[in-house]
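Colleague: File follows, work.cif with mmCIF, C-alpha atoms:
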```cif
data_model
#
loop_
_atom_site.label_atom_id
_atom_site.label_comp_id
_atom_site.auth_asym_id
_atom_site.auth_seq_id
_atom_site.Cartn_x
_atom_site.Cartn_y
_atom_site.Cartn_z
CA MET A 1000 82.49 47.01 15.14
CA ALA A 1001 84.31 47.70 18.39
CA GLU A 1002 85.55 51.20 19.09
CA LEU A 1003 89.33 51.25 18.64
CA LYS A 1004 91.64 53.82 20.21
CA ILE A 1005 95.35 54.49 20.08
CA ASN A 1006 97.23 57.06 22.08
CA GLY A 1007 100.65 58.51 21.57
CA LYS A 1008 102.56 61.45 20.19
CA VAL A 1009 102.04 62.94 16.72
CA LYS A 1010 105.23 62.18 14.80
CA MET A 1011 104.29 63.42 11.34
CA LEU A 1012 101.46 65.26 9.57
CA MET A 1013 101.31 64.83 5.80
CA ASP A 1014 99.67 67.23 3.37
CA ALA A 1015 96.09 66.64 2.30
CA GLN A 1016 95.62 64.79 -1.00
CA THR A 1017 92.66 65.39 -3.32
CA PHE A 1018 92.07 62.91 -6.13
CA ASP A 1019 90.36 63.42 -9.52
CA SER A 1020 87.22 61.77 -8.14
CA GLY A 1021 86.95 64.50 -5.47
CA PHE A 1022 88.01 62.14 -2.67
CA THR A 1023 90.25 63.85 -0.07
CA LYS A 1024 92.45 62.29 2.57
CA ARG A 1025 95.23 63.33 4.91
CA GLU A 1026 97.59 60.90 6.61
CA PHE A 1027 99.43 61.25 9.90
CA VAL A 1028 101.71 59.12 12.08
CA VAL A 1029 101.33 58.56 15.82
CA THR A 1030 104.14 57.03 17.89
CA THR A 1031 102.82 54.94 20.74
CA GLN A 1032 104.31 55.42 24.19
CA GLU A 1033 104.94 51.90 25.43
CA GLN A 1034 107.92 49.64 26.07
CA TYR A 1035 108.36 49.06 22.34
CA PRO A 1036 106.99 52.22 20.63
CA GLN A 1037 105.28 51.75 17.28
CA ASP A 1038 104.87 54.30 14.49
CA VAL A 1039 101.28 53.89 13.29
CA LYS A 1040 100.00 55.61 10.14
CA LEU A 1041 96.35 56.67 10.22
CA GLU A 1042 94.25 58.75 7.88
CA CYS A 1043 91.37 61.19 7.93
CA THR A 1044 89.07 61.30 4.93
CA GLN A 1045 86.65 63.81 3.41
CA GLN A 1046 85.11 66.14 6.05
CA ARG A 1047 87.30 64.67 8.82
CA VAL A 1048 90.50 66.00 7.22
CA ASN A 1049 89.97 69.20 9.24
CA LEU A 1050 90.44 67.21 12.50
CA LEU A 1051 94.18 67.52 11.85
CA ASP A 1052 94.21 71.30 11.36
CA SER A 1053 94.79 72.12 15.04
CA LEU A 1054 97.45 69.43 15.61
CA LYS A 1055 101.20 69.83 15.47
CA GLU A 1056 104.05 67.37 15.63
CA GLY A 1057 104.82 66.44 19.23
CA ASP A 1058 101.20 66.73 20.47
CA ASN A 1059 99.95 63.92 22.70
CA VAL A 1060 96.68 62.56 21.30
CA ASP A 1061 94.00 59.92 21.68
CA VAL A 1062 92.84 58.79 18.24
CA PHE A 1063 89.59 56.89 17.78
CA PHE A 1064 89.51 54.96 14.50
CA ASN A 1065 87.93 52.24 12.38
CA ILE A 1066 89.74 49.55 10.41
CA ARG A 1067 88.86 49.55 6.71
CA GLY A 1068 90.00 46.84 4.31
CA ASN A 1069 89.55 46.35 0.59
CA GLU A 1070 90.86 44.38 -2.38
CA TYR A 1071 92.08 45.97 -5.60
CA ASN A 1072 93.49 43.92 -8.51
CA GLY A 1073 94.21 40.95 -6.27
CA LYS A 1074 96.00 43.00 -3.60
CA TYR A 1075 94.58 43.68 -0.17
CA PHE A 1076 94.83 46.98 1.65
CA VAL A 1077 94.10 48.01 5.22
CA ASN A 1078 93.51 51.61 6.32
CA LEU A 1079 93.07 52.99 9.82
CA GLN A 1080 90.50 55.77 9.42
CA ALA A 1081 90.39 58.26 12.29
CA TRP A 1082 86.99 59.72 13.16
CA LYS A 1083 87.80 61.53 16.41
CA ILE A 1084 91.02 63.01 17.83
CA GLU A 1085 91.42 64.37 21.36
CA GLY A 1086 94.36 65.80 23.25
CA ALA A 1087 95.63 63.07 25.57
CA THR A 1088 95.22 64.35 29.10
CA ALA A 1089 96.85 61.50 31.03
CA ALA A 1090 100.14 61.61 29.17
CA SER A 1091 100.48 65.38 29.02
CA THR A 1092 99.21 66.47 32.43
CA PRO A 1093 101.61 66.00 35.35
CA ALA A 1094 100.27 64.29 38.43
CA PRO A 1095 99.40 66.62 41.32
CA GLN A 1096 102.14 66.90 43.91
CA PRO A 1097 101.22 65.76 47.42
CA VAL A 1098 101.32 68.31 50.22
CA ALA A 1099 103.54 67.43 53.17
CA PRO A 1100 101.32 66.53 56.18
CA ASP A 1101 103.08 68.96 58.57
CA THR A 1102 102.67 71.88 56.17
CA ALA A 1103 99.00 71.16 55.58
CA LEU A 1104 98.31 70.74 59.30
CA ASN A 1105 100.16 73.87 60.37
CA SER A 1106 98.62 76.11 57.75
CA ALA A 1107 95.11 74.83 58.36
CA GLU A 1108 94.99 74.78 62.15
CA ASP A 1109 97.47 76.45 64.54
CA ASP A 1110 98.20 79.70 62.72
CA GLY A 1111 98.37 81.81 65.88
CA ASP A 1112 99.22 79.24 68.60
CA LEU A 1113 102.89 78.55 68.05
CA PRO A 1114 104.58 77.16 71.19
CA PHE A 1115 107.68 79.39 70.89
#
```
Please express what this file holds, its structure, as structure tokens.

Modeller:
Amino acid sequence: MAELKINGKVKMLMDAQTFDSGFTKREFVVTTQEQYPQDVKLECTQQRVNLLDSLKEGDNVDVFFNIRGNEYNGKYFVNLQAWKIEGATAASTPAPQPVAPDTALNSAEDDGDLPF
């Protein structure tokens, strides 16, 4: 299966759910940052639930996930299961500001030889 990735801003973190079988999951919503933003619900299961512990709403993230589908009583379900979450560096880090050529030239070369 191809590696899938979505990036955006954490909109919502739900509480962890533990079922009678011992299965644990925690869902979260990421809002994409594109012309038409989408709210996408993903989930972490079992030992990956702790991936969400350090996140807070508003964080920019890159989420790597797998698509899981199943049938139950004639109904079909699709889940997006996250397996890795990173802080998005491109969206949250401002671009470096260029240095004006005159400033860079003057500070690097002619410190003591000013013509006036």

Colleague: Would you list the contacts of stretch 1032-1034 of chain A as a list in words, taking every protein, DNA or RNA residue within 8 Å and counting all atoms listed in the file, but skipping same-chain residues closer than 4 positions in sequence?

Modeller: Asn1006, Gly1007 and Lys1008 of chain A

Colleague: In the coordinates of the file, take the point (86.1, 62.1, 19.8) and a cut-off of 8 Å; then, counting all atoms listed in the file, name each qualifying protein, DNA or RNA residue as a list in words.

Modeller: Val1062, Phe1063, Trp1082, Lys1083, Ile1084 and Glu1085 of chain A

Colleague: Run the PyMOL selection byres ((chain A and resi 1060) around 12) mentally over the shown coordinates, then write out the matched residues as JSON, numbers by chain, using the chain letters and numbers from the document.

Modeller: {"A": [1004, 1005, 1006, 1007, 1008, 1009, 1010, 1027, 1028, 1029, 1030, 1031, 1032, 1050, 1051, 1053, 1054, 1055, 1056, 1057, 1058, 1059, 1061, 1062, 1063, 1081, 1083, 1084, 1085, 1086, 1087, 1088, 1089, 1090, 1091]}

Colleague: Just write the chosen residues, C-alpha atoms, as an mmCIF file, in the coordinates of the input.

Modeller:
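Once everything was written out, this is selection_28.cif:
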```
data_model
loop_
_atom_site.group_PDB
_atom_site.id
_atom_site.type_symbol
_atom_site.label_atom_id
_atom_site.label_comp_id
_atom_site.auth_asym_id
_atom_site.auth_seq_id
_atom_site.Cartn_x
_atom_site.Cartn_y
_atom_site.Cartn_z
ATOM 1 C CA LYS A 1004 91.640 53.820 20.210
ATOM 2 C CA ILE A 1005 95.350 54.490 20.080
ATOM 3 C CA ASN A 1006 97.230 57.060 22.080
ATOM 4 C CA GLY A 1007 100.650 58.510 21.570
ATOM 5 C CA LYS A 1008 102.560 61.450 20.190
ATOM 6 C CA VAL A 1009 102.040 62.940 16.720
ATOM 7 C CA LYS A 1010 105.230 62.180 14.800
ATOM 8 C CA PHE A 1027 99.430 61.250 9.900
ATOM 9 C CA VAL A 1028 101.710 59.120 12.080
ATOM 10 C CA VAL A 1029 101.330 58.560 15.820
ATOM 11 C CA THR A 1030 104.140 57.030 17.890
ATOM 12 C CA THR A 1031 102.820 54.940 20.740
ATOM 13 C CA GLN A 1032 104.310 55.420 24.190
ATOM 14 C CA LEU A 1050 90.440 67.210 12.500
ATOM 15 C CA LEU A 1051 94.180 67.520 11.850
ATOM 16 C CA SER A 1053 94.790 72.120 15.040
ATOM 17 C CA LEU A 1054 97.450 69.430 15.610
ATOM 18 C CA LYS A 1055 101.200 69.830 15.470
ATOM 19 C CA GLU A 1056 104.050 67.370 15.630
ATOM 20 C CA GLY A 1057 104.820 66.440 19.230
ATOM 21 C CA ASP A 1058 101.200 66.730 20.470
ATOM 22 C CA ASN A 1059 99.950 63.920 22.700
ATOM 23 C CA ASP A 1061 94.000 59.920 21.680
ATOM 24 C CA VAL A 1062 92.840 58.790 18.240
ATOM 25 C CA PHE A 1063 89.590 56.890 17.780
ATOM 26 C CA ALA A 1081 90.390 58.260 12.290
ATOM 27 C CA LYS A 1083 87.800 61.530 16.410
ATOM 28 C CA ILE A 1084 91.020 63.010 17.830
ATOM 29 C CA GLU A 1085 91.420 64.370 21.360
ATOM 30 C CA GLY A 1086 94.360 65.800 23.250
ATOM 31 C CA ALA A 1087 95.630 63.070 25.570
ATOM 32 C CA THR A 1088 95.220 64.350 29.100
ATOM 33 C CA ALA A 1089 96.850 61.500 31.030
ATOM 34 C CA ALA A 1090 100.140 61.610 29.170
ATOM 35 C CA SER A 1091 100.480 65.380 29.020
#
```

Colleague: Quick check, in Å to one decimal: how far apart do atom CA of A:Glu1042 and atom CA of A:Gln1080 lie?

Modeller: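 Computing the Euclidean distance for atom CA of A:Glu1042 and atom CA of A:Gln1080 yields 5.0 Å.
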
Colleague: Considering all atoms listed in the file, can you say which of A:Asn1065, A:Asn1078, A:Asn1072, A:Thr1023 comes closest to A:Gln1045?

Modeller: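 Ranking A:Asn1065, A:Asn1078, A:Asn1072, A:Thr1023 by distance to A:Gln1045, first place goes to A:Thr1023.
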
Colleague: Considering only C-alpha atoms, state which residue in the set A:Thr1044, A:Gln1037, A:Asn1049, A:Asn1069 is at the smallest distance from A:Gly1021.

Modeller: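 Answer, going by the shortest atom-to-atom distance: A:Thr1044.
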
Colleague: Atom CA of A:Met1013 to atom CA of A:Glu1026: how many Å, to one decimal?

Modeller: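 Atom CA of A:Met1013 sits 5.5 Å away from atom CA of A:Glu1026.
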
Colleague: Using all atoms listed in the file, which of the listed residues (A:Leu1041, A:Gln1046, A:Phe1022, A:Pro1036) sits closest to A:Ile1066?

Modeller: A:Leu1041

Colleague: Which is closest to A:Leu1079 among A:Asp1052, A:Ser1020, A:Arg1067, A:Asp1038, if we use only C-alpha atoms?

Modeller: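 Result for the nearest residue to A:Leu1079: A:Arg1067.
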
Colleague: Please return stretch 1066-1081 of chain A, rebuilt to N, CA and C atoms, as a PDB file, in the coordinates of the input.

Modeller:
```pdb
ATOM      1  N   ILE A1066      88.907  50.282  11.352  1.00  0.00           N
ATOM      2  CA  ILE A1066      89.740  49.550  10.410  1.00  0.00           C
ATOM      3  C   ILE A1066      88.931  49.347   9.136  1.00  0.00           C
ATOM      4  N   ARG A1067      89.504  49.731   8.005  1.00  0.00           N
ATOM      5  CA  ARG A1067      88.860  49.550   6.710  1.00  0.00           C
ATOM      6  C   ARG A1067      89.774  48.690   5.838  1.00  0.00           C
ATOM      7  N   GLY A1068      89.225  47.699   5.197  1.00  0.00           N
ATOM      8  CA  GLY A1068      90.000  46.840   4.310  1.00  0.00           C
ATOM      9  C   GLY A1068      89.312  46.704   2.972  1.00  0.00           C
ATOM     10  N   ASN A1069      90.114  46.570   1.918  1.00  0.00           N
ATOM     11  CA  ASN A1069      89.550  46.350   0.590  1.00  0.00           C
ATOM     12  C   ASN A1069      90.552  45.610  -0.295  1.00  0.00           C
ATOM     13  N   GLU A1070      90.039  45.096  -1.405  1.00  0.00           N
ATOM     14  CA  GLU A1070      90.860  44.380  -2.380  1.00  0.00           C
ATOM     15  C   GLU A1070      90.834  45.176  -3.675  1.00  0.00           C
ATOM     16  N   TYR A1071      91.988  45.293  -4.316  1.00  0.00           N
ATOM     17  CA  TYR A1071      92.080  45.970  -5.600  1.00  0.00           C
ATOM     18  C   TYR A1071      93.086  45.218  -6.460  1.00  0.00           C
ATOM     19  N   ASN A1072      92.635  44.684  -7.583  1.00  0.00           N
ATOM     20  CA  ASN A1072      93.490  43.920  -8.510  1.00  0.00           C
ATOM     21  C   ASN A1072      94.265  42.807  -7.812  1.00  0.00           C
ATOM     22  N   GLY A1073      93.588  42.092  -6.937  1.00  0.00           N
ATOM     23  CA  GLY A1073      94.210  40.950  -6.270  1.00  0.00           C
ATOM     24  C   GLY A1073      95.109  41.303  -5.100  1.00  0.00           C
ATOM     25  N   LYS A1074      95.195  42.572  -4.759  1.00  0.00           N
ATOM     26  CA  LYS A1074      96.000  43.000  -3.600  1.00  0.00           C
ATOM     27  C   LYS A1074      95.040  43.502  -2.533  1.00  0.00           C
ATOM     28  N   TYR A1075      95.427  43.288  -1.290  1.00  0.00           N
ATOM     29  CA  TYR A1075      94.580  43.680  -0.170  1.00  0.00           C
ATOM     30  C   TYR A1075      95.218  44.838   0.581  1.00  0.00           C
ATOM     31  N   PHE A1076      94.382  45.770   0.972  1.00  0.00           N
ATOM     32  CA  PHE A1076      94.830  46.980   1.650  1.00  0.00           C
ATOM     33  C   PHE A1076      94.054  47.175   2.935  1.00  0.00           C
ATOM     34  N   VAL A1077      94.734  47.702   3.947  1.00  0.00           N
ATOM     35  CA  VAL A1077      94.100  48.010   5.220  1.00  0.00           C
ATOM     36  C   VAL A1077      94.390  49.478   5.542  1.00  0.00           C
ATOM     37  N   ASN A1078      93.362  50.209   5.921  1.00  0.00           N
ATOM     38  CA  ASN A1078      93.510  51.610   6.320  1.00  0.00           C
ATOM     39  C   ASN A1078      92.926  51.793   7.715  1.00  0.00           C
ATOM     40  N   LEU A1079      93.575  52.618   8.504  1.00  0.00           N
ATOM     41  CA  LEU A1079      93.070  52.990   9.820  1.00  0.00           C
ATOM     42  C   LEU A1079      92.492  54.395   9.677  1.00  0.00           C
ATOM     43  N   GLN A1080      91.155  54.487   9.667  1.00  0.00           N
ATOM     44  CA  GLN A1080      90.500  55.770   9.420  1.00  0.00           C
ATOM     45  C   GLN A1080      90.047  56.409  10.730  1.00  0.00           C
ATOM     46  N   ALA A1081      90.707  57.520  11.074  1.00  0.00           N
ATOM     47  CA  ALA A1081      90.390  58.260  12.290  1.00  0.00           C
ATOM     48  C   ALA A1081      89.075  58.988  12.131  1.00  0.00           C
TER      49      ALA A1081
END
```
